[in-house]
Amino acid sequence: MFTGSIVALVTPMDDKGNVCRASLKKLIDYHIASGTAAIVSVGTTGESATLSQDEHGDVVMLTLELADGRIPVIAGTGANATAEGVSLTKRFEKSGVVGCLTVTPYYNRPTQKGLYQHFKTIAESTELLQMLYNVPARTGTDLLPETVSRLSKIKNIIGIKEASGNLSRVSQIQEWVNEDFILVSGDDATSLDFMHLGGHGVISVTANIAAREMVELCALAQQGNFAEARILNQRLMHLHHKLFAEPNPIPVKWAAKRLGLIATDTLRLPMTPLTDAGRPVVEQALKNAGLL
């Protein structure tokens with residue numbers, strides 16, 4: 001459930017900015033039918049930064065309800081305040097989520113000591129499995145391999161989503177952790193290379209709209225069939241990149257609407273829909289990937 005193609009699910013909204021139950025069910029059903037390994041509910045792609053804490057919890061619980069045990073659900077529980085991270089995490093105890101994905105604190109840029117204490121405090125507040133999430137381009141903070149090593153010794157911290165785009169991190173982290181520690185990519189464009197180096201899968205933005213393709217990509221990599229995997233990945237590469245033509249999740253929400261997976265591409269301010277200039281760029285990427 002923490003390996004293979006895991007989707008960083010968008011949070012579908014109606015025209016008024018409320019969570020759209022019908023679209024969320026359609027997305028969940030799509031991922032179950034496609035063989036997606038698990039759903040991350042209200043990660044950063046799910047607009048965690050612009051949902052209130054109550055809404056955040058409600059969306060995770062609604063995802064669990066609609067999934068109805070058919071696919072594992074991982075709760076996004078990242079926060080830039082440790083106390084908030086603890087509060088969010090404790091809300092999901094005994095809820096049915098299989099674990100939590102916790103991003104490094106953003107904006108306040110803690111030291112490595114602060115990062116260690118942050119994740120340690122959250123992990124020790126719960127029995128839920130914890131996956132670290134490092135994405136320095138978005139948070140301004142880089143969780144270094146030495147700190148990951150220290151955190152890996154805490155019994156319920158079981159892996160990391162590494163989205164620095166720095167492929168050398170795979171071997172650097174592997175040097176410091178036990179063999180059973182899970183490493184998944186958080187960068188679609190480099191995820192195949194990440195798996196070739198020993199990674200276990202990807203928490204994917206692209207999977208929102210190319211679920212079957214990402215499942216197949218991960219399966220080929222797990223089988224060691226990197227020749228076929230590279231052919232498939234090359235077809236998806238334009239899409240991997242153009243889904244970040246504007247800040248995530250702007251392009252992927254537009255693409256999901258374009259493919260009929262969600263009803264609207266509404267986002268919470270200060271995020272705004274894909275620009276007129278961006279639409280043909282993403283449209284062409286969908287065509288290149290064989291999705292249109």
# chains A, B, ... in the order shown; residues from 1 in each chain; ligands from 1
call {"tool": "residues_around", "arguments": {"residues": "stretch 59-67 of chain A", "least_positions_apart": "4", "cutoff": "12 Å", "atoms": "only C-alpha atoms", "output": "PyMOL selection string"}}
result
chain A and resi 9-13+18-33+38-43+46-48+51-55+71-77+88-89+91-100
call {"tool": "write_last_selection", "arguments": {"atoms": "N, CA and C atoms", "output": "compact mmCIF listing (two decimals), in the first residue's frame"}}
result
# COMPACT_ATOMS: atom_id res chain seq x y z
N LEU A 9 -4.06 12.70 -4.73
CA LEU A 9 -5.38 13.02 -5.28
C LEU A 9 -5.72 14.50 -5.15
N VAL A 10 -6.26 15.06 -6.25
CA VAL A 10 -6.80 16.42 -6.18
C VAL A 10 -8.06 16.40 -5.34
N THR A 11 -8.42 17.56 -4.80
CA THR A 11 -9.68 17.70 -4.08
C THR A 11 -10.67 18.41 -4.99
N PRO A 12 -11.63 17.69 -5.58
CA PRO A 12 -12.57 18.33 -6.51
C PRO A 12 -13.55 19.24 -5.79
N MET A 13 -13.84 20.37 -6.41
CA MET A 13 -14.72 21.36 -5.82
C MET A 13 -15.78 21.78 -6.82
N ASN A 18 -16.92 24.53 -2.77
CA ASN A 18 -17.20 23.47 -1.81
C ASN A 18 -16.75 22.13 -2.38
N VAL A 19 -16.38 21.21 -1.52
CA VAL A 19 -15.94 19.89 -1.98
C VAL A 19 -17.09 19.21 -2.72
N CYS A 20 -16.78 18.66 -3.88
CA CYS A 20 -17.78 18.03 -4.74
C CYS A 20 -17.77 16.52 -4.50
N ARG A 21 -18.77 16.04 -3.80
CA ARG A 21 -18.86 14.61 -3.45
C ARG A 21 -18.92 13.73 -4.70
N ALA A 22 -19.75 14.13 -5.67
CA ALA A 22 -19.93 13.30 -6.87
C ALA A 22 -18.61 13.14 -7.64
N SER A 23 -17.87 14.24 -7.79
CA SER A 23 -16.60 14.17 -8.50
C SER A 23 -15.57 13.36 -7.72
N LEU A 24 -15.59 13.50 -6.40
CA LEU A 24 -14.65 12.73 -5.58
C LEU A 24 -14.93 11.24 -5.72
N LYS A 25 -16.19 10.86 -5.72
CA LYS A 25 -16.53 9.44 -5.90
C LYS A 25 -16.07 8.95 -7.28
N LYS A 26 -16.27 9.79 -8.30
CA LYS A 26 -15.87 9.40 -9.64
C LYS A 26 -14.36 9.18 -9.72
N LEU A 27 -13.59 10.06 -9.08
CA LEU A 27 -12.14 9.92 -9.05
C LEU A 27 -11.72 8.64 -8.33
N ILE A 28 -12.32 8.38 -7.20
CA ILE A 28 -11.96 7.19 -6.42
C ILE A 28 -12.28 5.93 -7.20
N ASP A 29 -13.45 5.88 -7.81
CA ASP A 29 -13.83 4.72 -8.62
C ASP A 29 -12.86 4.53 -9.79
N TYR A 30 -12.45 5.63 -10.39
CA TYR A 30 -11.48 5.59 -11.50
C TYR A 30 -10.16 4.96 -11.05
N HIS A 31 -9.70 5.31 -9.88
CA HIS A 31 -8.43 4.78 -9.40
C HIS A 31 -8.55 3.32 -8.98
N ILE A 32 -9.67 2.94 -8.43
CA ILE A 32 -9.87 1.53 -8.10
C ILE A 32 -9.88 0.69 -9.37
N ALA A 33 -10.61 1.16 -10.39
CA ALA A 33 -10.68 0.43 -11.66
C ALA A 33 -9.33 0.37 -12.36
N ALA A 38 -2.80 3.10 -3.89
CA ALA A 38 -3.35 3.80 -2.73
C ALA A 38 -3.63 5.25 -3.12
N ILE A 39 -4.43 5.90 -2.29
CA ILE A 39 -4.77 7.31 -2.47
C ILE A 39 -4.17 8.10 -1.32
N VAL A 40 -3.50 9.22 -1.64
CA VAL A 40 -3.17 10.21 -0.63
C VAL A 40 -4.26 11.26 -0.66
N SER A 41 -5.00 11.38 0.43
CA SER A 41 -6.09 12.33 0.53
C SER A 41 -5.63 13.59 1.26
N VAL A 42 -5.83 14.72 0.63
CA VAL A 42 -5.46 16.04 1.15
C VAL A 42 -3.96 16.12 1.47
N GLY A 43 -3.16 15.68 0.48
CA GLY A 43 -1.76 16.06 0.50
C GLY A 43 -1.66 17.47 -0.06
N GLY A 46 -3.79 18.05 -2.95
CA GLY A 46 -5.18 18.14 -2.54
C GLY A 46 -5.55 19.46 -1.90
N GLU A 47 -4.65 20.46 -2.04
CA GLU A 47 -4.89 21.83 -1.56
C GLU A 47 -5.01 21.91 -0.04
N SER A 48 -4.15 21.16 0.64
CA SER A 48 -4.16 21.18 2.10
C SER A 48 -3.91 22.57 2.67
N LEU A 51 -7.39 24.56 2.69
CA LEU A 51 -8.54 24.03 3.40
C LEU A 51 -8.39 24.32 4.89
N SER A 52 -9.50 24.59 5.55
CA SER A 52 -9.44 24.72 7.01
C SER A 52 -9.14 23.35 7.60
N GLN A 53 -8.73 23.32 8.87
CA GLN A 53 -8.42 22.04 9.50
C GLN A 53 -9.67 21.15 9.56
N ASP A 54 -10.83 21.74 9.82
CA ASP A 54 -12.07 20.95 9.83
C ASP A 54 -12.35 20.38 8.44
N GLU A 55 -12.21 21.22 7.40
CA GLU A 55 -12.44 20.74 6.04
C GLU A 55 -11.45 19.64 5.68
N ILE A 71 -9.75 0.54 -1.54
CA ILE A 71 -8.40 1.01 -1.85
C ILE A 71 -7.85 1.66 -0.58
N PRO A 72 -6.58 1.45 -0.25
CA PRO A 72 -6.03 2.09 0.95
C PRO A 72 -6.00 3.62 0.81
N VAL A 73 -6.26 4.30 1.92
CA VAL A 73 -6.24 5.76 1.96
C VAL A 73 -5.18 6.21 2.95
N ILE A 74 -4.29 7.06 2.47
CA ILE A 74 -3.25 7.68 3.30
C ILE A 74 -3.66 9.13 3.52
N ALA A 75 -3.64 9.59 4.76
CA ALA A 75 -4.05 10.96 5.07
C ALA A 75 -2.85 11.89 5.00
N GLY A 76 -3.00 12.98 4.26
CA GLY A 76 -2.01 14.05 4.34
C GLY A 76 -2.18 14.78 5.65
N THR A 77 -1.11 14.91 6.42
CA THR A 77 -1.22 15.54 7.74
C THR A 77 -0.12 16.58 7.96
N LEU A 88 -3.94 17.06 13.67
CA LEU A 88 -4.47 16.43 12.46
C LEU A 88 -4.28 14.92 12.50
N THR A 89 -3.09 14.51 12.90
CA THR A 89 -2.78 13.08 12.93
C THR A 89 -3.69 12.33 13.89
N ARG A 91 -6.59 13.07 14.80
CA ARG A 91 -7.97 13.02 14.31
C ARG A 91 -8.24 11.74 13.51
N PHE A 92 -7.19 11.21 12.87
CA PHE A 92 -7.40 10.08 11.98
C PHE A 92 -7.10 8.73 12.63
N GLU A 93 -6.74 8.73 13.91
CA GLU A 93 -6.54 7.46 14.60
C GLU A 93 -7.85 6.68 14.62
N LYS A 94 -7.77 5.41 14.29
CA LYS A 94 -8.94 4.52 14.26
C LYS A 94 -9.98 4.94 13.23
N SER A 95 -9.58 5.77 12.27
CA SER A 95 -10.51 6.21 11.23
C SER A 95 -10.59 5.22 10.07
N GLY A 96 -9.53 4.46 9.90
CA GLY A 96 -9.44 3.56 8.76
C GLY A 96 -8.33 3.91 7.80
N VAL A 97 -7.68 5.08 7.96
CA VAL A 97 -6.54 5.39 7.10
C VAL A 97 -5.40 4.42 7.43
N VAL A 98 -4.60 4.10 6.43
CA VAL A 98 -3.51 3.15 6.64
C VAL A 98 -2.25 3.82 7.15
N GLY A 99 -2.22 5.15 7.10
CA GLY A 99 -1.06 5.89 7.55
C GLY A 99 -1.17 7.34 7.17
N CYS A 100 -0.11 8.08 7.42
CA CYS A 100 -0.09 9.53 7.19
C CYS A 100 1.14 9.91 6.36
call {"tool": "residues_around", "arguments": {"residues": "A:Ala289", "least_positions_apart": "2", "cutoff": "6 Å", "atoms": "only C-alpha atoms", "output": "PyMOL selection string"}}
result
chain A and resi 235-236+286-287+291
call {"tool": "write_last_selection", "arguments": {"atoms": "N, CA and C atoms", "output": "PDB file, in the first residue's frame"}}
result
ATOM      1  N   ARG A 235       6.494   8.484 -23.450  1.00  0.00           N
ATOM      2  CA  ARG A 235       5.195   8.955 -23.932  1.00  0.00           C
ATOM      3  C   ARG A 235       4.549   9.892 -22.919  1.00  0.00           C
ATOM      4  N   LEU A 236       4.827   9.664 -21.644  1.00  0.00           N
ATOM      5  CA  LEU A 236       4.234  10.471 -20.578  1.00  0.00           C
ATOM      6  C   LEU A 236       5.072  11.699 -20.207  1.00  0.00           C
ATOM      7  N   LEU A 286      -1.660  16.230 -23.084  1.00  0.00           N
ATOM      8  CA  LEU A 286      -2.637  15.141 -22.988  1.00  0.00           C
ATOM      9  C   LEU A 286      -2.678  14.338 -24.297  1.00  0.00           C
ATOM     10  N   LYS A 287      -2.615  15.037 -25.407  1.00  0.00           N
ATOM     11  CA  LYS A 287      -2.608  14.359 -26.711  1.00  0.00           C
ATOM     12  C   LYS A 287      -1.339  13.540 -26.898  1.00  0.00           C
ATOM     13  N   LEU A 291      -3.973  10.451 -24.173  1.00  0.00           N
ATOM     14  CA  LEU A 291      -5.152  10.548 -23.319  1.00  0.00           C
ATOM     15  C   LEU A 291      -6.317  11.262 -24.011  1.00  0.00           C
TER      16      LEU A 291
END
call {"tool": "closest_residue", "arguments": {"among": "A:Val103, A:Ala245, A:Leu192, A:Leu261", "to": "A:Ala227", "atoms": "only C-alpha atoms"}}
result
A:Leu192
call {"tool": "closest_residue", "arguments": {"among": "A:Gly35, A:Arg138, A:Val170, A:Ser204", "to": "A:Ala49", "atoms": "only C-alpha atoms"}}
result
A:Arg138
call {"tool": "select_by_dssp", "arguments": {"residues": "stretch 21-251 of chain A", "states": "alpha helix (DSSP H)", "output": "ChimeraX atom specification"}}
result
/A:21-34,53-67,82-91,112-124,136-139,145-152,168-176,191-196,211-222,226-242,250-251
call {"tool": "atom_distance", "arguments": {"atom1": "atom CA of A:Gly290", "atom2": "atom CA of A:Thr190"}}
result
20.0 Å
call {"tool": "select_by_dssp", "arguments": {"residues": "stretch 59-290 of chain A", "states": "strand (DSSP E)", "output": "PyMOL selection string"}}
result
chain A and resi 73-76+99-103+130-134+157-162+182-185+201-204
call {"tool": "write_last_selection", "arguments": {"atoms": "N, CA and C atoms", "output": "CSV table (one decimal), in the first residue's frame"}}
result
chain,number,residue,atom,x,y,z
A,73,VAL,N,-6.3,4.3,1.9
A,73,VAL,CA,-6.2,5.8,2.0
A,73,VAL,C,-5.2,6.2,2.9
A,74,ILE,N,-4.3,7.1,2.5
A,74,ILE,CA,-3.3,7.7,3.3
A,74,ILE,C,-3.7,9.1,3.5
A,75,ALA,N,-3.6,9.6,4.8
A,75,ALA,CA,-4.0,11.0,5.1
A,75,ALA,C,-2.9,11.9,5.0
A,76,GLY,N,-3.0,13.0,4.3
A,76,GLY,CA,-2.0,14.0,4.3
A,76,GLY,C,-2.2,14.8,5.7
A,99,GLY,N,-2.2,5.2,7.1
A,99,GLY,CA,-1.1,5.9,7.6
A,99,GLY,C,-1.2,7.3,7.2
A,100,CYS,N,-0.1,8.1,7.4
A,100,CYS,CA,-0.1,9.5,7.2
A,100,CYS,C,1.1,9.9,6.4
A,101,LEU,N,1.0,10.9,5.5
A,101,LEU,CA,2.1,11.5,4.8
A,101,LEU,C,2.2,13.0,5.3
A,102,THR,N,3.4,13.2,5.8
A,102,THR,CA,3.7,14.5,6.5
A,102,THR,C,4.8,15.3,5.9
A,103,VAL,N,4.4,16.4,5.3
A,103,VAL,CA,5.4,17.2,4.6
A,103,VAL,C,6.3,18.0,5.6
A,130,GLN,N,3.8,6.4,9.6
A,130,GLN,CA,4.1,7.7,9.1
A,130,GLN,C,5.1,7.7,8.0
A,131,MET,N,4.8,8.5,6.9
A,131,MET,CA,5.7,8.6,5.8
A,131,MET,C,6.2,10.1,5.8
A,132,LEU,N,7.5,10.3,5.8
A,132,LEU,CA,8.0,11.7,5.6
A,132,LEU,C,7.8,12.1,4.2
A,133,TYR,N,7.8,13.5,4.1
A,133,TYR,CA,7.7,14.1,2.7
A,133,TYR,C,8.6,15.2,2.6
A,134,ASN,N,9.6,15.1,1.7
A,134,ASN,CA,10.6,16.2,1.5
A,134,ASN,C,10.4,16.8,0.1
A,157,ILE,N,7.7,5.3,11.8
A,157,ILE,CA,8.2,6.1,10.6
A,157,ILE,C,8.7,5.1,9.6
A,158,ILE,N,8.0,4.8,8.5
A,158,ILE,CA,8.3,3.7,7.7
A,158,ILE,C,8.9,4.0,6.3
A,159,GLY,N,8.9,5.3,5.9
A,159,GLY,CA,9.4,5.6,4.6
A,159,GLY,C,9.4,7.1,4.4
A,160,ILE,N,9.8,7.5,3.1
A,160,ILE,CA,9.8,8.9,2.8
A,160,ILE,C,9.4,9.1,1.3
A,161,LYS,N,8.6,10.1,1.1
A,161,LYS,CA,8.4,10.6,-0.3
A,161,LYS,C,9.4,11.7,-0.6
A,162,GLU,N,10.3,11.4,-1.4
A,162,GLU,CA,11.5,12.2,-1.7
A,162,GLU,C,11.2,13.0,-3.0
A,182,ILE,N,10.9,2.4,3.2
A,182,ILE,CA,10.3,2.6,1.9
A,182,ILE,C,10.7,4.0,1.3
A,183,LEU,N,11.2,4.0,0.1
A,183,LEU,CA,11.5,5.2,-0.6
A,183,LEU,C,10.6,5.3,-1.9
A,184,VAL,N,9.8,6.4,-1.9
A,184,VAL,CA,9.0,6.6,-3.1
A,184,VAL,C,9.3,8.0,-3.6
A,185,SER,N,9.3,8.1,-4.9
A,185,SER,CA,9.5,9.4,-5.6
A,185,SER,C,8.3,10.3,-5.4
A,201,GLY,N,8.5,3.2,-5.7
A,201,GLY,CA,7.3,3.6,-6.4
A,201,GLY,C,7.2,5.1,-6.4
A,202,VAL,N,6.0,5.7,-6.6
A,202,VAL,CA,5.9,7.1,-6.8
A,202,VAL,C,4.5,7.6,-6.2
A,203,ILE,N,4.5,8.7,-5.5
A,203,ILE,CA,3.3,9.4,-5.1
A,203,ILE,C,3.1,10.4,-6.2
A,204,SER,N,2.1,10.2,-7.1
A,204,SER,CA,2.1,10.9,-8.4
A,204,SER,C,1.0,11.9,-8.6
call {"tool": "atom_distance", "arguments": {"atom1": "atom CA of A:Ile231", "atom2": "atom CA of A:Ala207"}}
result
17.1 Å
call {"tool": "atom_distance", "arguments": {"atom1": "atom CA of A:Val281", "atom2": "atom CA of A:Thr264"}}
result
18.8 Å
call {"tool": "residues_around", "arguments": {"residues": "A:Leu144", "least_positions_apart": "5", "cutoff": "9 Å", "atoms": "only C-alpha atoms", "output": "list in words"}}
result
Gln112, Asn134, Ser149, Arg169 and Ile173 of chain A
call {"tool": "write_last_selection", "arguments": {"atoms": "N, CA and C atoms", "output": "short mmCIF file (atom, residue, chain, number, x, y, z; two decimals), in the first residue's frame"}}
result
data_model
loop_
_atom_site.label_atom_id
_atom_site.label_comp_id
_atom_site.auth_asym_id
_atom_site.auth_seq_id
_atom_site.Cartn_x
_atom_site.Cartn_y
_atom_site.Cartn_z
N GLN A 112 17.84 21.17 10.96
CA GLN A 112 17.70 19.72 10.96
C GLN A 112 17.26 19.21 12.34
N ASN A 134 9.58 15.13 1.68
CA ASN A 134 10.58 16.18 1.47
C ASN A 134 10.40 16.81 0.09
N SER A 149 17.76 9.26 8.48
CA SER A 149 18.29 8.09 9.16
C SER A 149 17.88 8.08 10.63
N ARG A 169 19.88 11.26 -3.99
CA ARG A 169 19.30 11.05 -2.67
C ARG A 169 18.90 9.60 -2.43
N ILE A 173 20.22 8.04 0.96
CA ILE A 173 19.31 7.61 2.03
C ILE A 173 19.48 6.13 2.29
#
call {"tool": "closest_residue", "arguments": {"among": "A:Tyr106, A:Phe181, A:Tyr116, A:Phe244", "to": "A:Ser152", "atoms": "only C-alpha atoms"}}
result
A:Phe181
call {"tool": "residues_around", "arguments": {"residues": "A:Thr126", "least_positions_apart": "3", "cutoff": "9 Å", "atoms": "only C-alpha atoms", "output": "PyMOL selection string"}}
result
chain A and resi 86+89-90+93+122-123+129+156
call {"tool": "residues_around", "arguments": {"residues": "A:Thr82", "least_positions_apart": "6", "cutoff": "9 Å", "atoms": "only C-alpha atoms", "output": "list in words"}}
result
Pro105, Gln117, His118, Phe119, Thr121 and Ile122 of chain A
call {"tool": "write_last_selection", "arguments": {"atoms": "C-alpha atoms", "output": "PDB file, in the first residue's frame"}}
result
ATOM      1  CA  PRO A 105       7.176  22.466   7.708  1.00  0.00           C
ATOM      2  CA  GLN A 117      11.925  17.007  16.722  1.00  0.00           C
ATOM      3  CA  HIS A 118       8.907  17.933  14.565  1.00  0.00           C
ATOM      4  CA  PHE A 119       8.548  14.504  12.966  1.00  0.00           C
ATOM      5  CA  THR A 121       6.833  14.502  18.149  1.00  0.00           C
ATOM      6  CA  ILE A 122       4.136  13.725  15.580  1.00  0.00           C
TER       7      ILE A 122
END
call {"tool": "residues_around", "arguments": {"residues": "A:Ile209", "least_positions_apart": "5", "cutoff": "8 Å", "atoms": "only C-alpha atoms", "output": "PyMOL selection string"}}
result
chain A and resi 252+255-256+259+261
